[in-house]
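One structure is given below, encoded as structure tokens.
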Amino acid sequence: MMKGAFSMDLNKKKGKEPEREKLPPIVSTGAAAGLDRGSKGQIPTFSSFVSTVTQKKEATENRSSPPHLALPNIRNVRDLPPLCLDVRQKQRMSVDALPSEVKVPALPEPTLPSQPKSVKDFEEHLEKAESTGNWKSVHAFYITAFDSFTELNAAFKKDATASFNTIEDSGVNANLVNAVFDALLNTPQDIQKSVLKGIINSLLREWKGPRTKDDLRAYFILLQNPQFNITSTYVIYAHLLRQIAALVEADHHFLVHWLKKLSQKKFKQLVERLLQFVSLRLFPAKPEEFPPLTKCSWWIPSASKVLALLNTANNLVHPPLIPYTDFYNSTLDHIDLMEEYHTWQSFGNSHRFSFCQYPFVISITAKKIIIQRDSEQQMISIARQSLVDKVSRRQRPDMNMLFLNMKVRRTHLVSDSLDELTRKRADLKKKLKVTFVGEAGLDMGGLTKEWFLLLIRQIFHPDYGMFTYHKDSHCHWFSSFKCDNYSEFRLVGILMGLAVYNSITLDIRFPPCCYKKLLSPPIVPSDQNTPVGICSVTIDDLCQIMPELAHGLKELLSYEGNVEEDFYSTFQVFQEEFGIIKSYNLKPGGDKIPVTNQNRREYVQLYTDFLLNKSIYKQFAAFYCGFHSVCASNALMLLRPEEVEILVCGSPELDMHALQRSTQYDGYAKTDLTIRYFWDVVLGFPLDLQKKLLHFTTGSDRVPVGGMADLNFKISKNETSTNWLPVAHTCFNQLCLPPYKSKKDLKQKLIIGISNSEGFGLE
């Protein structure tokens, strides 16, 4: 055993074991290592990798090191033996027992100086090696530390004698791991080769019984190895991922909690490395770099499962280490997504792999494609069935039967819409067409968008009483007033569903909690008595809606005095309904239970649950059923609440340069002086004015999932006096711009128009 973190004994291996199946032999091409020159083959060399990933320090320029590290043709390499879930390390394999092509001729055994025992000592030895060109002590450390799982623990555990068997502390000296891996890619090739050889030896060992925490620690350390960024190491990386994926759930539990303690930088590197591994396996730049897919079909499932561990770890941290969007793999936008979706629908989470089993790696753009195509297939199926029914009854088919035709009066917009949707409930999954009674016009999309805009504005108006607008949070929430008929809440749910189904972006401001409730559960239960729209809520959810109330409850939780005597509250709350104060018990007999220092957390949780779940249950249940009556699709199970919000309302991220590139012109050319003035002004606007411009021209200050190009934004020439303000046709995302003669005049008129657009200039 190692007596210190860096003490070495290179003569410990005694005895032999039977040979194992082979990973690719690692052959050095340099004479300095005392090895024969191997084929440079098709695999990129480590030197080229180092030059593209990191710049060598100036001190290494004079270093004498092998110029290349060539790996053999990986296609002919046999896989490791199949892994079992209940195996554990038996003992270290002797170097003498390795196949000849895996062996590396032993280097002359160095006379080791006193070895470093800390990051500072390691860096001193490293600096000395770089300045003198004598890498013996550094090489000795690397070759021994990575020789086996046992040596990894001896080198990198904070205390080699302690067990560290808790989820809270991995026991790994993170600073030392970082220093060792940061330096690795700048060391001579024979050192890098020795590290990989040691990892191969460790992965080839036979296991029996459950893994120890030291084994998990070794996996945790090896995952951070930057050598796995290069494709020539992917065979080794794949086997590491396979063994980690095959661990039992209890072991995964430990790894997840250790992973969440990584720095943001290291965590993101792990995610990016795995995403790159999947992408290059799907679309290799050089197919000959990897074994045939038939021999490594387990590569992507193994990597996906390890990504799932990282995703779970990320979700356990508040705020998350990285945004959930950093797990998106944009490469998947270019595969057959519907085949993945149908495989998942047919086989679920069984042995048949589908990326839909790991939806966090599928981008919102790809998910939208899945939902749209699934919707289109449902629309076609419903329309086809309607046609068959007509023909079977010997009735003449009518093209209108292929659409959900809405005929409404502007003066009775809500009631007419509710009546139409109720009568035509069976047609909700057909393509939507809107006609305003008494008005000529063919709906090519503009009338449909106008219907959505007008209906949403009317329903969400404070005077209508269905929703309460909270100024502090700038969002709407469901009114808790009791009523006899909740059909209008169902109507709002149907509107949201139709918007998703027909790719319409709505100007709705619900808090994130709403979308979490909308996916609780994501599929409507078959049992009608099962509660819907109920989810676990916290004071953070309440803060997104009623920040002042949430702040008061947080002060109650942190109050250091006597809560019972100073607050004099009970487990009873009061609400005003139509001028009448009503009381509600948060628990049976709540009016007689005082809030104390001991039970105040329970009080806050029950109060939050009452406000966000129980007090609005009937309203939200109707809303939930309305939404799912249109969007009854398994594809919803792929979505996060934040993604549902983006599908309904669009993304808040604006890219005005992208809008400029995709804008169409009518009467203008993009080189015209007025247009150049316009973009100079708009690109110089602060974010709030850019949002106002977008809202003025499209009816929403958010961007569709597909980006600005999906807006089909158009600027038309308005042949009127330049004293006029700009006019917008929100139904067509069109801005009518007079030919202003100066940038100052254009900017002044544009700001007036977009800042005072409610009630005029809006068509």
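Labeling convention for the structure tokens: chains A, B, ... as they appear, residues from 1 per chain, ligands from 1 in order of appearance.
By only C-alpha atoms, and with residues fewer than 3 positions from segment 706-714 of chain A along its chain excluded, the set lying at most 6 Å from it is Leu659, Ser662, Thr663, Gln664, Tyr665, Val703, Asn733 and Gln734 of chain A.
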Write down as a ChimeraX atom specification the residues of segment 341-516 of chain A whose backbone DSSP state falls under helix (DSSP H, G or I). /A:341-347,355-357,359-361,364-392,399-402,410-423,425-427,446-459,462-464,487-501,512-516
If we count only C-alpha atoms, what is near segment 429-439 of chain A at a cut-off of 9 Å, once residues fewer than 5 positions away on the same chain are taken out, given as a PDB file with N, CA, C and O atoms, in the first residue's frame?
```
ATOM      1  N   SER A 375     -49.502  15.829 -33.187  1.00  0.00           N
ATOM      2  CA  SER A 375     -50.770  16.543 -33.348  1.00  0.00           C
ATOM      3  C   SER A 375     -51.294  16.408 -34.772  1.00  0.00           C
ATOM      4  O   SER A 375     -52.489  16.163 -34.989  1.00  0.00           O
ATOM      5  N   GLU A 376     -50.399  16.559 -35.750  1.00  0.00           N
ATOM      6  CA  GLU A 376     -50.812  16.443 -37.146  1.00  0.00           C
ATOM      7  C   GLU A 376     -51.355  15.054 -37.444  1.00  0.00           C
ATOM      8  O   GLU A 376     -52.363  14.903 -38.152  1.00  0.00           O
ATOM      9  N   GLN A 378     -52.743  13.066 -35.309  1.00  0.00           N
ATOM     10  CA  GLN A 378     -54.061  12.963 -34.678  1.00  0.00           C
ATOM     11  C   GLN A 378     -55.108  13.732 -35.494  1.00  0.00           C
ATOM     12  O   GLN A 378     -56.240  13.265 -35.657  1.00  0.00           O
ATOM     13  N   MET A 379     -54.727  14.928 -35.993  1.00  0.00           N
ATOM     14  CA  MET A 379     -55.651  15.701 -36.824  1.00  0.00           C
ATOM     15  C   MET A 379     -56.066  14.912 -38.071  1.00  0.00           C
ATOM     16  O   MET A 379     -57.247  14.835 -38.424  1.00  0.00           O
ATOM     17  N   ILE A 380     -55.065  14.312 -38.749  1.00  0.00           N
ATOM     18  CA  ILE A 380     -55.347  13.543 -39.956  1.00  0.00           C
ATOM     19  C   ILE A 380     -56.232  12.350 -39.634  1.00  0.00           C
ATOM     20  O   ILE A 380     -57.182  12.033 -40.372  1.00  0.00           O
ATOM     21  N   ILE A 382     -58.386  12.008 -37.116  1.00  0.00           N
ATOM     22  CA  ILE A 382     -59.749  12.446 -36.808  1.00  0.00           C
ATOM     23  C   ILE A 382     -60.472  12.855 -38.086  1.00  0.00           C
ATOM     24  O   ILE A 382     -61.644  12.509 -38.307  1.00  0.00           O
ATOM     25  N   ALA A 383     -59.793  13.610 -38.964  1.00  0.00           N
ATOM     26  CA  ALA A 383     -60.417  14.051 -40.219  1.00  0.00           C
ATOM     27  C   ALA A 383     -60.747  12.861 -41.109  1.00  0.00           C
ATOM     28  O   ALA A 383     -61.815  12.813 -41.737  1.00  0.00           O
ATOM     29  N   MET A 401     -65.737  19.692 -42.952  1.00  0.00           N
ATOM     30  CA  MET A 401     -65.718  18.655 -41.926  1.00  0.00           C
ATOM     31  C   MET A 401     -64.281  18.303 -41.506  1.00  0.00           C
ATOM     32  O   MET A 401     -64.068  17.641 -40.496  1.00  0.00           O
ATOM     33  N   LEU A 402     -63.307  18.770 -42.285  1.00  0.00           N
ATOM     34  CA  LEU A 402     -61.911  18.482 -41.965  1.00  0.00           C
ATOM     35  C   LEU A 402     -61.329  19.483 -40.971  1.00  0.00           C
ATOM     36  O   LEU A 402     -60.183  19.343 -40.559  1.00  0.00           O
ATOM     37  N   PHE A 403     -62.105  20.501 -40.599  1.00  0.00           N
ATOM     38  CA  PHE A 403     -61.601  21.567 -39.735  1.00  0.00           C
ATOM     39  C   PHE A 403     -62.492  21.756 -38.512  1.00  0.00           C
ATOM     40  O   PHE A 403     -63.649  21.340 -38.488  1.00  0.00           O
ATOM     41  N   LEU A 404     -61.893  22.384 -37.487  1.00  0.00           N
ATOM     42  CA  LEU A 404     -62.673  22.883 -36.352  1.00  0.00           C
ATOM     43  C   LEU A 404     -63.083  24.303 -36.720  1.00  0.00           C
ATOM     44  O   LEU A 404     -62.302  25.238 -36.616  1.00  0.00           O
ATOM     45  N   ASN A 405     -64.312  24.458 -37.190  1.00  0.00           N
ATOM     46  CA  ASN A 405     -64.795  25.747 -37.678  1.00  0.00           C
ATOM     47  C   ASN A 405     -65.486  26.513 -36.558  1.00  0.00           C
ATOM     48  O   ASN A 405     -66.478  26.051 -35.991  1.00  0.00           O
ATOM     49  N   MET A 406     -64.939  27.669 -36.236  1.00  0.00           N
ATOM     50  CA  MET A 406     -65.478  28.523 -35.178  1.00  0.00           C
ATOM     51  C   MET A 406     -66.147  29.742 -35.812  1.00  0.00           C
ATOM     52  O   MET A 406     -65.498  30.498 -36.545  1.00  0.00           O
ATOM     53  N   LYS A 407     -67.446  29.921 -35.570  1.00  0.00           N
ATOM     54  CA  LYS A 407     -68.179  31.103 -36.030  1.00  0.00           C
ATOM     55  C   LYS A 407     -68.629  31.880 -34.804  1.00  0.00           C
ATOM     56  O   LYS A 407     -69.439  31.386 -34.016  1.00  0.00           O
ATOM     57  N   VAL A 408     -68.073  33.076 -34.642  1.00  0.00           N
ATOM     58  CA  VAL A 408     -68.335  33.853 -33.426  1.00  0.00           C
ATOM     59  C   VAL A 408     -68.666  35.294 -33.781  1.00  0.00           C
ATOM     60  O   VAL A 408     -68.271  35.806 -34.836  1.00  0.00           O
ATOM     61  N   ARG A 409     -69.402  35.932 -32.863  1.00  0.00           N
ATOM     62  CA  ARG A 409     -69.685  37.364 -32.994  1.00  0.00           C
ATOM     63  C   ARG A 409     -68.721  38.128 -32.102  1.00  0.00           C
ATOM     64  O   ARG A 409     -68.461  37.715 -30.972  1.00  0.00           O
ATOM     65  N   ARG A 410     -68.231  39.237 -32.621  1.00  0.00           N
ATOM     66  CA  ARG A 410     -67.304  40.029 -31.816  1.00  0.00           C
ATOM     67  C   ARG A 410     -67.971  40.544 -30.546  1.00  0.00           C
ATOM     68  O   ARG A 410     -67.322  40.700 -29.520  1.00  0.00           O
ATOM     69  N   MET A 444     -56.611  32.636 -43.197  1.00  0.00           N
ATOM     70  CA  MET A 444     -55.330  32.053 -43.600  1.00  0.00           C
ATOM     71  C   MET A 444     -54.336  32.082 -42.437  1.00  0.00           C
ATOM     72  O   MET A 444     -53.135  32.025 -42.639  1.00  0.00           O
ATOM     73  N   GLY A 445     -54.889  32.188 -41.246  1.00  0.00           N
ATOM     74  CA  GLY A 445     -54.054  32.240 -40.049  1.00  0.00           C
ATOM     75  C   GLY A 445     -54.227  33.524 -39.280  1.00  0.00           C
ATOM     76  O   GLY A 445     -54.111  33.541 -38.050  1.00  0.00           O
ATOM     77  N   LEU A 447     -57.035  35.472 -38.920  1.00  0.00           N
ATOM     78  CA  LEU A 447     -58.265  35.519 -38.122  1.00  0.00           C
ATOM     79  C   LEU A 447     -58.157  34.618 -36.894  1.00  0.00           C
ATOM     80  O   LEU A 447     -58.668  34.949 -35.824  1.00  0.00           O
ATOM     81  N   THR A 448     -57.498  33.493 -37.062  1.00  0.00           N
ATOM     82  CA  THR A 448     -57.299  32.589 -35.922  1.00  0.00           C
ATOM     83  C   THR A 448     -56.486  33.275 -34.833  1.00  0.00           C
ATOM     84  O   THR A 448     -56.841  33.229 -33.641  1.00  0.00           O
ATOM     85  N   TRP A 451     -58.554  35.954 -33.115  1.00  0.00           N
ATOM     86  CA  TRP A 451     -59.520  35.353 -32.184  1.00  0.00           C
ATOM     87  C   TRP A 451     -58.848  35.028 -30.852  1.00  0.00           C
ATOM     88  O   TRP A 451     -59.380  35.322 -29.781  1.00  0.00           O
ATOM     89  N   LEU A 498     -55.313  24.498 -27.727  1.00  0.00           N
ATOM     90  CA  LEU A 498     -55.415  24.796 -29.154  1.00  0.00           C
ATOM     91  C   LEU A 498     -54.209  25.598 -29.638  1.00  0.00           C
ATOM     92  O   LEU A 498     -53.753  25.430 -30.773  1.00  0.00           O
ATOM     93  N   TYR A 501     -51.441  23.193 -30.035  1.00  0.00           N
ATOM     94  CA  TYR A 501     -51.810  22.295 -31.128  1.00  0.00           C
ATOM     95  C   TYR A 501     -51.667  22.967 -32.480  1.00  0.00           C
ATOM     96  O   TYR A 501     -51.311  22.325 -33.471  1.00  0.00           O
ATOM     97  N   ASN A 502     -51.960  24.279 -32.538  1.00  0.00           N
ATOM     98  CA  ASN A 502     -51.943  25.019 -33.799  1.00  0.00           C
ATOM     99  C   ASN A 502     -50.749  25.966 -33.924  1.00  0.00           C
ATOM    100  O   ASN A 502     -50.725  26.835 -34.792  1.00  0.00           O
ATOM    101  N   SER A 629     -57.931  18.070 -22.935  1.00  0.00           N
ATOM    102  CA  SER A 629     -58.907  17.594 -23.923  1.00  0.00           C
ATOM    103  C   SER A 629     -58.390  17.831 -25.339  1.00  0.00           C
ATOM    104  O   SER A 629     -58.797  17.155 -26.279  1.00  0.00           O
ATOM    105  N   VAL A 630     -57.484  18.788 -25.494  1.00  0.00           N
ATOM    106  CA  VAL A 630     -56.864  19.055 -26.793  1.00  0.00           C
ATOM    107  C   VAL A 630     -55.499  18.374 -26.874  1.00  0.00           C
ATOM    108  O   VAL A 630     -55.188  17.675 -27.836  1.00  0.00           O
ATOM    109  N   CYS A 631     -54.685  18.568 -25.860  1.00  0.00           N
ATOM    110  CA  CYS A 631     -53.306  18.055 -25.869  1.00  0.00           C
ATOM    111  C   CYS A 631     -53.204  16.714 -25.146  1.00  0.00           C
ATOM    112  O   CYS A 631     -52.349  16.541 -24.276  1.00  0.00           O
TER     113      CYS A 631
END
```
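Per DSSP on the backbone, strand (DSSP E) in segment 232-458 of chain A comprises Phe403, Leu404, Asn405, Met406, Lys407, Val408, Lys431, Leu432, Lys433, Val434, Thr435 and Phe436 of chain A.
Comparing A:Leu455, A:Val177, A:Ile191, A:Leu309 by their smallest distance to Gln224 of chain A, the closest is A:Val177 (using only C-alpha atoms).
Across the model, the gap from atom CA of Asp540 of chain A to atom CA of Ser583 of chain A is 24.5 Å.
The interatomic distance for the pair atom CA of Phe355 of chain A and atom CA of Ser304 of chain A works out to 8.1 Å.
With atom CA of Leu647 of chain A on one side and atom CA of Glu340 of chain A on the other, the separation reads 20.7 Å.
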Name the closest residue to Val524 of chain A among the candidates A:Gly626, A:Pro588, A:Pro226, A:Gly446; distances are taken between atoms, counting only C-alpha atoms. A:Gly626
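Take the candidates A:Met637, A:Ile545, A:Thr722, A:Tyr328 and check each one against Gln357 of chain A using only C-alpha atoms; the shortest distance goes to A:Met637.
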Choose the residue, out of A:Phe164, A:Tyr559, A:Phe567, A:Phe181, that has the smallest atom-to-atom separation from Phe122 of chain A; count only C-alpha atoms. A:Phe181
